[in-house]
Amino acid sequence: MAKYWNADIECMSREDMKKLQSERLVKQVKHVYENVPYYRNLMDEKGVTPDDIQSVDDLHKLPFLSKADLRDAYPYGLLAKPLSDCVRIQSTSGTTGRRVVAFYTQHDIDLWEDCCARAITAAGGTNEDVCQVCYGYGLFTGGPGLNGGSHKVGCLTLPMSSGNTERQIQFMRDLGSTILCCTPSYAAYIGETLHDMGFTPDDIKLKAGIFGAEPWTEEMRRSIEKSLGIKAYDIYGLTETSGPGVSFECEEQTGMHINEDHFIPEIIDPDTGEVLPDGTVGELVFTSITKEAFPLLRYRTRDLCVLSRKKCSCGRTLIKMTKPMGRSDDMMIIRGVNVFPSQIETVLIEQGYSPNYLIEVDRVNNSDTLDISVEMSAEQFSDKMKDIQDKEKQLAGAIKTMLGISPKVHLVSPKSITRSEGKAVRVIDKRKLHD
Ligand code: DLL
């Protein structure tokens, strides 16, 4: 069984990787400078020319590109190839008013699918596998990306898209799916539905899941692994950098290997822009060195994580990033304390609750309020008020220990919180509505 999709690259020596990255970077900077007036202006403003970039060591000289730049340049302002060379667009949903449209040449699509093929291979996928892709298809990159990767590996591919969960399980059983690709919140829902339909993991053939597109905790991973009887692998990416496959997990499950032959990562201080050493938490920045149509240099992702060069037992030498703990824009400041939804999720699952919850933040009489509705399982449910109140108090205490601030916990009846088939919405910050 092939352990790597491309061993030459995935296990390349650091020295050779640096050389490859430097060659590609020099070429890419020229390509962007000559073809993207928007970025050329940014470089001119900073007084940098392509000649100043001779290797990856010069990367820090380049200006950053932010989501605001993408908005300014929408839709064609960052395009580096004539439209006649482009064959596809993908896009974010734009529900937060920040739609991103990314363009692809056929070459870009090939490289993107190759990155996804590496992820599937790292999860143990081969041409013997049946890969059920339940990420959304369409403008969202999840479905098309994993679909393409699955074809490359030679898996029998089930292009299911998301939704109609009972039918997903029927297909899974009838066709003997061995790999599941979807968001972690949808994987949890599939696991729950499997159970509700009276099946156990022994009734399906799944062995691995490739889950990403939203933050998820280690506790959530263990809960999904148990409900579906699989090993759950993380995968990361964003529309701006093609989609899923920028990085992927191997069997060690201690972070995601970044496809460094295509994307050079940096970690910066989100406030000052200063580049931080490996091992420090900061904002992840990517430079795409092989993309033709929509190459982004020093793109600020807003995702917070840590990079590590610790040797990996899988043999890959590609740098690893930790699971992003959330976007810097997901972080809530409640009564002056920084709170990530993932911290709350960790406590809930540790305390034996399901990952079905909703966080509501508001401001009443100039003071922030934090309300967390958490679903009980049928076994946890009780019709005795006192029992429920005791449990709410106990859970609120555990969350207070984690966050340092007291929430109001509401235990709600089984199945009363809407399930997610794509990216879960877990936070409603009503303060933003008032401002
Ligand atoms: O979510 C691409 C994708 C599809 C990745 C399928 C993995 C699997 P966007 O919709 O542009 O693209 O959202 C990108 O999602 O900046 C992160 O904040 C978040 N994200 C993606 N993967 C992970 C992950 C796709 N594994 C944004 N863990 C990114 C945590 C993730 N957050």
# chains A, B, ... in the order shown; residues from 1 in each chain; ligands from 1

call {"tool": "residues_around", "arguments": {"residues": "His257 in chain A", "least_positions_apart": "3", "cutoff": "12 Å", "atoms": "only C-alpha atoms", "output": "PyMOL selection string"}}
result
chain A and resi 9-11+115+118-119+122+233-237+245-254+260-261+263-265+307-312+314-323

call {"tool": "residues_near_ligand", "arguments": {"ligand": "ligand 1", "cutoff": "6 Å", "atoms": "only C-alpha atoms and all ligand atoms", "output": "list in words"}}
result
Thr92, Thr141, Gly142, Gly212, Ala213, Glu214, Pro215, Asp234, Ile235, Tyr236, Gly237, Leu238, Thr239, Gly243, Pro244, Thr301, Asp303, Lys323, Pro324 and Arg327 of chain A

call {"tool": "write_last_selection", "arguments": {"atoms": "all heavy atoms", "output": "compact mmCIF listing (two decimals), in the first residue's frame"}}
result
# COMPACT_ATOMS: atom_id res chain seq x y z
N THR A 92 -16.49 31.55 -1.68
CA THR A 92 -17.04 31.39 -0.33
C THR A 92 -18.49 31.85 -0.41
O THR A 92 -18.90 32.54 -1.34
CB THR A 92 -16.30 32.27 0.69
OG1 THR A 92 -16.35 33.61 0.22
CG2 THR A 92 -14.85 31.85 0.82
N THR A 141 -15.49 24.91 -1.99
CA THR A 141 -14.36 24.13 -2.50
C THR A 141 -14.29 22.69 -1.97
O THR A 141 -13.58 21.86 -2.53
CB THR A 141 -13.03 24.81 -2.10
OG1 THR A 141 -13.04 24.98 -0.68
CG2 THR A 141 -12.85 26.15 -2.78
N GLY A 142 -15.02 22.42 -0.87
CA GLY A 142 -14.89 21.11 -0.20
C GLY A 142 -15.22 19.94 -1.13
O GLY A 142 -14.40 19.02 -1.30
N GLY A 212 -12.72 18.67 7.85
CA GLY A 212 -12.16 20.01 8.01
C GLY A 212 -13.17 21.06 7.61
O GLY A 212 -14.36 20.79 7.57
N ALA A 213 -12.68 22.24 7.33
CA ALA A 213 -13.47 23.40 6.91
C ALA A 213 -14.03 24.19 8.09
O ALA A 213 -14.63 25.25 7.91
CB ALA A 213 -14.61 23.04 5.95
N GLU A 214 -13.83 23.70 9.31
CA GLU A 214 -14.28 24.43 10.50
C GLU A 214 -13.44 23.95 11.69
O GLU A 214 -12.90 22.85 11.66
CB GLU A 214 -15.77 24.18 10.76
CG GLU A 214 -16.09 22.72 11.05
CD GLU A 214 -17.58 22.44 11.21
OE1 GLU A 214 -18.40 23.36 11.03
OE2 GLU A 214 -17.93 21.28 11.51
N PRO A 215 -13.36 24.77 12.73
CA PRO A 215 -12.59 24.34 13.90
C PRO A 215 -13.27 23.17 14.59
O PRO A 215 -14.50 23.11 14.62
CB PRO A 215 -12.60 25.57 14.82
CG PRO A 215 -13.15 26.69 14.02
CD PRO A 215 -13.93 26.11 12.90
N ASP A 234 -7.66 15.32 10.10
CA ASP A 234 -7.98 16.73 9.88
C ASP A 234 -7.45 17.16 8.51
O ASP A 234 -6.42 16.65 8.04
CB ASP A 234 -7.27 17.55 10.97
CG ASP A 234 -7.95 18.87 11.24
OD1 ASP A 234 -8.87 19.24 10.49
OD2 ASP A 234 -7.55 19.53 12.22
N ILE A 235 -8.15 18.08 7.88
CA ILE A 235 -7.66 18.67 6.62
C ILE A 235 -8.00 20.14 6.65
O ILE A 235 -9.05 20.54 7.16
CB ILE A 235 -8.28 17.95 5.38
CG1 ILE A 235 -7.72 18.54 4.08
CG2 ILE A 235 -9.81 18.05 5.37
CD1 ILE A 235 -8.01 17.69 2.85
N TYR A 236 -7.08 20.95 6.13
CA TYR A 236 -7.24 22.41 6.22
C TYR A 236 -7.05 23.05 4.85
O TYR A 236 -6.30 22.54 4.01
CB TYR A 236 -6.21 22.96 7.21
CG TYR A 236 -6.06 24.46 7.20
CD1 TYR A 236 -6.86 25.27 8.01
CD2 TYR A 236 -5.12 25.08 6.37
CE1 TYR A 236 -6.72 26.66 8.00
CE2 TYR A 236 -4.98 26.46 6.36
CZ TYR A 236 -5.78 27.24 7.19
OH TYR A 236 -5.65 28.61 7.17
N GLY A 237 -7.69 24.16 4.67
CA GLY A 237 -7.47 24.95 3.46
C GLY A 237 -8.46 26.08 3.43
O GLY A 237 -9.34 26.18 4.28
N LEU A 238 -8.32 26.96 2.47
CA LEU A 238 -9.26 28.05 2.32
C LEU A 238 -9.43 28.38 0.85
O LEU A 238 -8.53 28.09 0.05
CB LEU A 238 -8.88 29.27 3.16
CG LEU A 238 -7.49 29.87 3.09
CD1 LEU A 238 -7.53 31.29 3.64
CD2 LEU A 238 -6.51 29.07 3.93
N THR A 239 -10.56 28.96 0.52
CA THR A 239 -10.86 29.25 -0.87
C THR A 239 -9.73 30.05 -1.53
O THR A 239 -9.34 29.77 -2.66
CB THR A 239 -12.18 30.07 -0.95
OG1 THR A 239 -13.14 29.43 -0.12
CG2 THR A 239 -12.69 30.18 -2.36
N GLY A 243 -8.48 25.81 -1.80
CA GLY A 243 -9.49 25.05 -1.08
C GLY A 243 -8.82 24.04 -0.17
O GLY A 243 -7.69 24.26 0.27
N PRO A 244 -9.49 22.92 0.14
CA PRO A 244 -8.90 21.93 1.05
C PRO A 244 -7.60 21.39 0.48
O PRO A 244 -7.41 21.38 -0.74
CB PRO A 244 -9.96 20.82 1.09
CG PRO A 244 -10.79 21.00 -0.13
CD PRO A 244 -10.78 22.47 -0.41
N THR A 301 -4.39 34.89 6.68
CA THR A 301 -5.58 34.03 6.75
C THR A 301 -6.51 34.39 7.90
O THR A 301 -7.66 33.99 7.90
CB THR A 301 -5.18 32.56 6.97
OG1 THR A 301 -4.51 32.47 8.24
CG2 THR A 301 -4.25 32.06 5.88
N ASP A 303 -6.33 32.93 10.58
CA ASP A 303 -6.37 31.72 11.40
C ASP A 303 -5.19 31.73 12.36
O ASP A 303 -4.07 32.05 11.98
CB ASP A 303 -6.29 30.46 10.52
CG ASP A 303 -7.55 30.26 9.72
OD1 ASP A 303 -8.64 30.53 10.26
OD2 ASP A 303 -7.47 29.85 8.55
N LYS A 323 -3.97 22.41 14.61
CA LYS A 323 -5.36 22.69 14.29
C LYS A 323 -5.61 24.16 14.58
O LYS A 323 -5.31 24.60 15.70
CB LYS A 323 -6.16 21.90 15.33
CG LYS A 323 -7.33 21.14 14.87
CD LYS A 323 -7.89 20.41 16.10
CE LYS A 323 -8.18 18.97 15.84
NZ LYS A 323 -8.88 18.64 14.66
N PRO A 324 -6.13 24.94 13.64
CA PRO A 324 -6.37 26.34 14.00
C PRO A 324 -7.38 26.40 15.14
O PRO A 324 -8.37 25.68 15.13
CB PRO A 324 -6.99 26.94 12.73
CG PRO A 324 -6.69 25.99 11.64
CD PRO A 324 -6.51 24.64 12.26
N ARG A 327 -10.52 31.46 14.02
CA ARG A 327 -10.02 32.66 13.35
C ARG A 327 -9.88 33.76 14.37
O ARG A 327 -10.64 33.79 15.34
CB ARG A 327 -11.03 33.11 12.32
CG ARG A 327 -11.15 32.15 11.19
CD ARG A 327 -11.92 32.78 10.08
NE ARG A 327 -11.54 32.10 8.86
CZ ARG A 327 -11.48 32.66 7.68
NH1 ARG A 327 -11.78 33.91 7.51
NH2 ARG A 327 -11.12 31.97 6.63

call {"tool": "residues_around", "arguments": {"residues": "range 74-91 of chain A", "least_positions_apart": "5", "cutoff": "9 Å", "atoms": "only C-alpha atoms", "output": "mmCIF file with N, CA and C atoms, in the first residue's frame"}}
result
data_model
loop_
_atom_site.group_PDB
_atom_site.id
_atom_site.type_symbol
_atom_site.label_atom_id
_atom_site.label_comp_id
_atom_site.auth_asym_id
_atom_site.auth_seq_id
_atom_site.Cartn_x
_atom_site.Cartn_y
_atom_site.Cartn_z
ATOM 1 N N HIS A 31 5.904 36.915 -11.791
ATOM 2 C CA HIS A 31 4.612 36.694 -12.453
ATOM 3 C C HIS A 31 3.556 37.658 -11.890
ATOM 4 N N VAL A 32 3.524 37.779 -10.571
ATOM 5 C CA VAL A 32 2.520 38.632 -9.943
ATOM 6 C C VAL A 32 2.821 40.110 -10.258
ATOM 7 N N GLU A 34 4.310 41.434 -12.708
ATOM 8 C CA GLU A 34 4.041 41.786 -14.113
ATOM 9 C C GLU A 34 2.568 41.743 -14.484
ATOM 10 N N ASN A 35 1.792 40.927 -13.772
ATOM 11 C CA ASN A 35 0.411 40.704 -14.215
ATOM 12 C C ASN A 35 -0.689 41.188 -13.276
ATOM 13 N N VAL A 36 -0.310 41.589 -12.058
ATOM 14 C CA VAL A 36 -1.354 42.028 -11.117
ATOM 15 C C VAL A 36 -1.054 43.461 -10.665
ATOM 16 N N PRO A 37 -1.606 44.454 -11.359
ATOM 17 C CA PRO A 37 -1.296 45.847 -11.002
ATOM 18 C C PRO A 37 -1.601 46.163 -9.542
ATOM 19 N N TYR A 38 -2.639 45.521 -8.995
ATOM 20 C CA TYR A 38 -3.006 45.803 -7.599
ATOM 21 C C TYR A 38 -1.837 45.486 -6.669
ATOM 22 N N TYR A 39 -1.232 44.306 -6.850
ATOM 23 C CA TYR A 39 -0.127 43.910 -5.955
ATOM 24 C C TYR A 39 1.160 44.674 -6.315
ATOM 25 N N ASP A 69 -8.060 43.587 1.021
ATOM 26 C CA ASP A 69 -7.535 43.754 -0.343
ATOM 27 C C ASP A 69 -8.359 42.932 -1.326
ATOM 28 N N ARG A 99 -17.496 37.853 0.356
ATOM 29 C CA ARG A 99 -17.372 36.806 -0.649
ATOM 30 C C ARG A 99 -15.996 36.876 -1.306
ATOM 31 N N VAL A 100 -15.389 35.694 -1.436
ATOM 32 C CA VAL A 100 -14.106 35.602 -2.132
ATOM 33 C C VAL A 100 -14.335 34.749 -3.367
ATOM 34 N N VAL A 101 -13.910 35.248 -4.529
ATOM 35 C CA VAL A 101 -14.005 34.431 -5.735
ATOM 36 C C VAL A 101 -12.587 34.090 -6.163
ATOM 37 N N ALA A 102 -12.297 32.794 -6.272
ATOM 38 C CA ALA A 102 -10.956 32.357 -6.681
ATOM 39 C C ALA A 102 -11.036 31.776 -8.091
ATOM 40 N N PHE A 103 -9.993 32.018 -8.869
ATOM 41 C CA PHE A 103 -9.964 31.562 -10.271
ATOM 42 C C PHE A 103 -8.923 30.461 -10.429
ATOM 43 N N TYR A 104 -9.171 29.561 -11.374
ATOM 44 C CA TYR A 104 -8.264 28.430 -11.587
ATOM 45 C C TYR A 104 -8.001 28.216 -13.073
ATOM 46 N N THR A 105 -6.741 27.978 -13.414
ATOM 47 C CA THR A 105 -6.435 27.423 -14.738
ATOM 48 C C THR A 105 -6.543 25.893 -14.584
ATOM 49 N N GLN A 106 -6.455 25.171 -15.671
ATOM 50 C CA GLN A 106 -6.493 23.701 -15.563
ATOM 51 C C GLN A 106 -5.300 23.206 -14.728
ATOM 52 N N ILE A 109 -6.027 23.536 -11.093
ATOM 53 C CA ILE A 109 -6.936 22.477 -10.620
ATOM 54 C C ILE A 109 -6.157 21.182 -10.413
ATOM 55 N N GLY A 138 -20.379 22.508 -5.591
ATOM 56 C CA GLY A 138 -20.836 23.786 -6.142
ATOM 57 C C GLY A 138 -19.742 24.805 -5.949
ATOM 58 N N LEU A 139 -20.122 25.988 -5.495
ATOM 59 C CA LEU A 139 -19.120 27.038 -5.324
ATOM 60 C C LEU A 139 -18.154 26.728 -4.184
ATOM 61 N N PHE A 140 -18.646 26.059 -3.136
ATOM 62 C CA PHE A 140 -17.787 25.680 -2.002
ATOM 63 C C PHE A 140 -16.707 24.721 -2.507
ATOM 64 N N THR A 141 -15.492 24.907 -1.995
ATOM 65 C CA THR A 141 -14.357 24.127 -2.502
ATOM 66 C C THR A 141 -14.295 22.695 -1.968
ATOM 67 N N THR A 239 -10.558 28.957 0.522
ATOM 68 C CA THR A 239 -10.865 29.249 -0.872
ATOM 69 C C THR A 239 -9.729 30.049 -1.527
ATOM 70 N N GLU A 240 -9.202 31.013 -0.779
ATOM 71 C CA GLU A 240 -8.172 31.896 -1.318
ATOM 72 C C GLU A 240 -6.936 31.126 -1.792
ATOM 73 N N SER A 242 -6.975 27.937 -2.950
ATOM 74 C CA SER A 242 -7.527 26.852 -3.780
ATOM 75 C C SER A 242 -8.657 26.131 -3.087
ATOM 76 N N GLY A 243 -8.476 25.809 -1.798
ATOM 77 C CA GLY A 243 -9.494 25.045 -1.082
ATOM 78 C C GLY A 243 -8.821 24.043 -0.169
ATOM 79 N N GLU A 292 -1.304 29.751 -10.749
ATOM 80 C CA GLU A 292 -1.154 30.643 -11.902
ATOM 81 C C GLU A 292 -2.198 31.762 -11.925
ATOM 82 N N ALA A 293 -3.483 31.381 -11.779
ATOM 83 C CA ALA A 293 -4.541 32.354 -12.024
ATOM 84 C C ALA A 293 -4.771 33.296 -10.852
ATOM 85 N N PHE A 294 -4.633 32.772 -9.628
ATOM 86 C CA PHE A 294 -4.995 33.566 -8.454
ATOM 87 C C PHE A 294 -3.939 33.394 -7.362
ATOM 88 N N PRO A 295 -2.692 33.772 -7.679
ATOM 89 C CA PRO A 295 -1.630 33.574 -6.687
ATOM 90 C C PRO A 295 -1.686 34.668 -5.628
ATOM 91 N N LEU A 296 -1.599 34.293 -4.379
ATOM 92 C CA LEU A 296 -1.611 35.303 -3.325
ATOM 93 C C LEU A 296 -0.270 35.284 -2.600
#

call {"tool": "select_by_dssp", "arguments": {"residues": "range 137-220 of chain A", "states": "alpha helix (DSSP H)", "output": "ChimeraX atom specification"}}
result
/A:142-153,165-175,184-196,218-220

call {"tool": "write_last_selection", "arguments": {"atoms": "N, CA and C atoms", "output": "short mmCIF file (atom, residue, chain, number, x, y, z; two decimals), in the first residue's frame"}}
result
data_model
loop_
_atom_site.label_atom_id
_atom_site.label_comp_id
_atom_site.auth_asym_id
_atom_site.auth_seq_id
_atom_site.Cartn_x
_atom_site.Cartn_y
_atom_site.Cartn_z
N GLY A 142 -15.02 22.42 -0.87
CA GLY A 142 -14.89 21.11 -0.20
C GLY A 142 -15.22 19.94 -1.13
N GLY A 143 -16.41 19.96 -1.73
CA GLY A 143 -16.83 18.85 -2.59
C GLY A 143 -15.92 18.69 -3.80
N PRO A 144 -15.77 19.73 -4.62
CA PRO A 144 -14.92 19.59 -5.82
C PRO A 144 -13.47 19.20 -5.50
N GLY A 145 -12.90 19.74 -4.43
CA GLY A 145 -11.50 19.45 -4.10
C GLY A 145 -11.30 17.99 -3.74
N LEU A 146 -12.09 17.50 -2.79
CA LEU A 146 -11.91 16.10 -2.35
C LEU A 146 -12.35 15.14 -3.45
N ASN A 147 -13.34 15.55 -4.24
CA ASN A 147 -13.78 14.73 -5.36
C ASN A 147 -12.61 14.51 -6.33
N GLY A 148 -11.93 15.61 -6.65
CA GLY A 148 -10.80 15.52 -7.58
C GLY A 148 -9.67 14.68 -7.02
N GLY A 149 -9.39 14.87 -5.72
CA GLY A 149 -8.33 14.10 -5.08
C GLY A 149 -8.66 12.62 -5.07
N SER A 150 -9.91 12.32 -4.80
CA SER A 150 -10.34 10.93 -4.73
C SER A 150 -10.20 10.25 -6.10
N HIS A 151 -10.56 10.99 -7.16
CA HIS A 151 -10.37 10.44 -8.52
C HIS A 151 -8.91 10.14 -8.78
N LYS A 152 -8.04 11.10 -8.38
CA LYS A 152 -6.60 10.91 -8.66
C LYS A 152 -6.09 9.65 -7.98
N VAL A 153 -6.52 9.45 -6.72
CA VAL A 153 -6.06 8.26 -5.98
C VAL A 153 -6.64 7.00 -6.62
N THR A 165 -29.44 12.81 5.22
CA THR A 165 -28.49 12.00 5.99
C THR A 165 -28.83 10.50 6.00
N GLU A 166 -30.13 10.19 6.02
CA GLU A 166 -30.46 8.76 6.01
C GLU A 166 -30.03 8.12 4.68
N ARG A 167 -30.19 8.90 3.60
CA ARG A 167 -29.76 8.36 2.31
C ARG A 167 -28.23 8.19 2.28
N GLN A 168 -27.53 9.12 2.93
CA GLN A 168 -26.06 9.00 3.02
C GLN A 168 -25.70 7.64 3.64
N ILE A 169 -26.44 7.30 4.70
CA ILE A 169 -26.11 6.06 5.41
C ILE A 169 -26.49 4.83 4.58
N GLN A 170 -27.60 4.96 3.85
CA GLN A 170 -27.96 3.85 2.95
C GLN A 170 -26.87 3.59 1.92
N PHE A 171 -26.40 4.67 1.28
CA PHE A 171 -25.33 4.52 0.29
C PHE A 171 -24.08 3.94 0.94
N MET A 172 -23.79 4.48 2.11
CA MET A 172 -22.59 4.04 2.84
C MET A 172 -22.64 2.53 3.05
N ARG A 173 -23.82 2.03 3.39
CA ARG A 173 -23.97 0.59 3.65
C ARG A 173 -24.01 -0.21 2.35
N ASP A 174 -24.80 0.30 1.38
CA ASP A 174 -24.97 -0.47 0.14
C ASP A 174 -23.67 -0.56 -0.66
N LEU A 175 -22.91 0.54 -0.70
CA LEU A 175 -21.70 0.54 -1.52
C LEU A 175 -20.43 0.30 -0.72
N PRO A 184 -16.55 18.19 10.26
CA PRO A 184 -16.67 17.40 11.50
C PRO A 184 -18.06 17.48 12.10
N SER A 185 -18.72 18.64 11.98
CA SER A 185 -20.06 18.72 12.58
C SER A 185 -21.02 17.82 11.82
N TYR A 186 -20.83 17.70 10.50
CA TYR A 186 -21.71 16.80 9.76
C TYR A 186 -21.37 15.33 10.06
N ALA A 187 -20.09 15.06 10.27
CA ALA A 187 -19.69 13.68 10.63
C ALA A 187 -20.36 13.29 11.95
N ALA A 188 -20.41 14.24 12.90
CA ALA A 188 -21.05 13.94 14.19
C ALA A 188 -22.54 13.64 13.97
N TYR A 189 -23.15 14.39 13.08
CA TYR A 189 -24.58 14.20 12.78
C TYR A 189 -24.80 12.85 12.08
N ILE A 190 -23.91 12.50 11.18
CA ILE A 190 -24.03 11.19 10.50
C ILE A 190 -23.90 10.07 11.55
N GLY A 191 -22.97 10.23 12.49
CA GLY A 191 -22.78 9.23 13.54
C GLY A 191 -24.04 9.08 14.39
N GLU A 192 -24.64 10.22 14.69
CA GLU A 192 -25.86 10.21 15.50
C GLU A 192 -27.01 9.53 14.74
N THR A 193 -27.11 9.86 13.44
CA THR A 193 -28.20 9.29 12.64
C THR A 193 -28.02 7.78 12.47
N LEU A 194 -26.75 7.37 12.32
CA LEU A 194 -26.46 5.93 12.21
C LEU A 194 -27.03 5.20 13.43
N HIS A 195 -26.75 5.77 14.58
CA HIS A 195 -27.21 5.21 15.85
C HIS A 195 -28.75 5.22 15.90
N ASP A 196 -29.35 6.37 15.51
CA ASP A 196 -30.82 6.49 15.55
C ASP A 196 -31.49 5.49 14.60
N GLU A 218 -10.12 18.15 19.91
CA GLU A 218 -9.68 16.75 20.08
C GLU A 218 -10.80 15.92 20.69
N GLU A 219 -11.58 16.55 21.56
CA GLU A 219 -12.70 15.83 22.20
C GLU A 219 -13.73 15.45 21.15
N MET A 220 -13.97 16.38 20.21
CA MET A 220 -14.92 16.12 19.13
C MET A 220 -14.38 14.99 18.25
#

call {"tool": "atom_distance", "arguments": {"atom1": "CA of Ile399 in chain A", "atom2": "CA of Val425 in chain A"}}
result
19.8 Å

call {"tool": "select_by_dssp", "arguments": {"residues": "range 16-261 of chain A", "states": "strand (DSSP E or B)", "output": "PyMOL selection string"}}
result
chain A and resi 65+86-91+101-105+130-133+156-159+179-182+208-212+231-238+243-249+256-258

call {"tool": "write_last_selection", "arguments": {"atoms": "C-alpha atoms", "output": "short mmCIF file (atom, residue, chain, number, x, y, z; two decimals), in the first residue's frame"}}
result
data_model
loop_
_atom_site.label_atom_id
_atom_site.label_comp_id
_atom_site.auth_asym_id
_atom_site.auth_seq_id
_atom_site.Cartn_x
_atom_site.Cartn_y
_atom_site.Cartn_z
CA LEU A 65 -2.32 40.92 1.35
CA CYS A 86 -9.15 30.16 -16.64
CA VAL A 87 -11.49 27.20 -16.52
CA ARG A 88 -13.24 27.47 -13.14
CA ILE A 89 -14.17 29.66 -10.22
CA GLN A 90 -14.94 28.63 -6.65
CA SER A 91 -16.25 30.95 -4.00
CA VAL A 101 -14.01 34.43 -5.73
CA ALA A 102 -10.96 32.36 -6.68
CA PHE A 103 -9.96 31.56 -10.27
CA TYR A 104 -8.26 28.43 -11.59
CA THR A 105 -6.44 27.42 -14.74
CA VAL A 130 -14.80 3.77 -1.71
CA CYS A 131 -14.72 7.45 -0.87
CA GLN A 132 -17.98 9.15 0.06
CA VAL A 133 -17.69 12.91 -0.36
CA LEU A 156 -14.51 4.74 -6.25
CA THR A 157 -15.92 8.20 -5.60
CA LEU A 158 -19.44 8.86 -4.31
CA PRO A 159 -20.18 12.54 -5.05
CA ILE A 179 -13.60 6.83 3.61
CA LEU A 180 -15.91 9.69 4.56
CA CYS A 181 -15.16 13.31 3.68
CA CYS A 182 -17.28 16.07 5.27
CA ALA A 208 -11.25 6.76 7.95
CA GLY A 209 -12.74 10.25 7.82
CA ILE A 210 -11.19 13.39 6.34
CA PHE A 211 -12.77 16.27 8.17
CA GLY A 212 -12.16 20.01 8.01
CA LYS A 231 -9.78 7.14 12.53
CA ALA A 232 -10.56 10.83 11.93
CA TYR A 233 -8.03 12.95 10.03
CA ASP A 234 -7.98 16.73 9.88
CA ILE A 235 -7.66 18.67 6.62
CA TYR A 236 -7.24 22.41 6.22
CA GLY A 237 -7.47 24.95 3.46
CA LEU A 238 -9.26 28.05 2.32
CA GLY A 243 -9.49 25.05 -1.08
CA PRO A 244 -8.90 21.93 1.05
CA GLY A 245 -5.47 20.33 0.90
CA VAL A 246 -3.20 23.19 1.94
CA SER A 247 -2.39 20.88 4.84
CA PHE A 248 -3.45 17.43 5.99
CA GLU A 249 -2.97 15.04 8.85
CA MET A 256 -1.27 18.92 9.71
CA HIS A 257 1.61 18.72 7.22
CA ILE A 258 1.62 21.78 4.97
#

call {"tool": "closest_residue", "arguments": {"among": "A:Arg40, A:Gln54, A:Trp5, A:Lys432", "to": "Lys27 in chain A", "atoms": "only C-alpha atoms"}}
result
A:Gln54

call {"tool": "closest_residue", "arguments": {"among": "A:Thr280, A:Thr369, A:Gln28, A:Ser66", "to": "Met332 in chain A", "atoms": "only C-alpha atoms"}}
result
A:Thr369

call {"tool": "residues_around", "arguments": {"residues": "Arg300 in chain A", "least_positions_apart": "6", "cutoff": "10 Å", "atoms": "only C-alpha atoms", "output": "MDAnalysis selection string"}}
result
chainID A and resid 64:67 266:268 270 273 283:287

call {"tool": "write_last_selection", "arguments": {"atoms": "N, CA and C atoms", "output": "short mmCIF file (atom, residue, chain, number, x, y, z; two decimals), in the first residue's frame"}}
result
data_model
loop_
_atom_site.label_atom_id
_atom_site.label_comp_id
_atom_site.auth_asym_id
_atom_site.auth_seq_id
_atom_site.Cartn_x
_atom_site.Cartn_y
_atom_site.Cartn_z
N PHE A 64 2.00 42.45 2.85
CA PHE A 64 0.93 41.49 3.12
C PHE A 64 -0.25 41.78 2.20
N LEU A 65 -1.06 40.76 2.05
CA LEU A 65 -2.32 40.92 1.35
C LEU A 65 -3.39 40.49 2.36
N SER A 66 -4.47 41.24 2.45
CA SER A 66 -5.48 40.90 3.47
C SER A 66 -6.82 40.67 2.80
N LYS A 67 -7.77 40.23 3.62
CA LYS A 67 -9.12 40.02 3.12
C LYS A 67 -9.69 41.33 2.58
N GLU A 266 3.99 31.30 7.10
CA GLU A 266 4.67 32.12 8.11
C GLU A 266 3.68 32.33 9.24
N ILE A 267 4.19 32.59 10.43
CA ILE A 267 3.32 32.96 11.56
C ILE A 267 3.71 34.38 11.95
N ILE A 268 2.69 35.23 12.03
CA ILE A 268 3.00 36.62 12.39
C ILE A 268 2.18 37.06 13.61
N PRO A 270 -0.50 39.17 14.91
CA PRO A 270 -1.59 39.80 14.17
C PRO A 270 -1.68 41.31 14.37
N GLY A 273 2.37 42.53 12.76
CA GLY A 273 2.83 41.99 11.48
C GLY A 273 4.23 41.39 11.57
N GLU A 283 -0.85 34.51 13.73
CA GLU A 283 -1.71 34.42 12.55
C GLU A 283 -0.94 33.76 11.40
N LEU A 284 -1.60 32.83 10.76
CA LEU A 284 -0.99 32.09 9.67
C LEU A 284 -1.05 32.92 8.38
N VAL A 285 0.09 32.98 7.69
CA VAL A 285 0.18 33.73 6.44
C VAL A 285 0.68 32.77 5.37
N PHE A 286 0.06 32.79 4.20
CA PHE A 286 0.51 31.89 3.14
C PHE A 286 0.94 32.63 1.88
N THR A 287 1.97 32.12 1.25
CA THR A 287 2.37 32.58 -0.08
C THR A 287 2.23 31.39 -1.01
#

call {"tool": "residues_around", "arguments": {"residues": "Thr126 in chain A", "least_positions_apart": "6", "cutoff": "9 Å", "atoms": "only C-alpha atoms", "output": "number ranges by chain"}}
result
A: 1-2, 120, 150, 153-155

call {"tool": "atom_distance", "arguments": {"atom1": "CA of Ala398 in chain A", "atom2": "CA of Phe340 in chain A"}}
result
15.4 Å

call {"tool": "atom_distance", "arguments": {"atom1": "CA of Met331 in chain A", "atom2": "CA of Ile428 in chain A"}}
result
12.3 Å
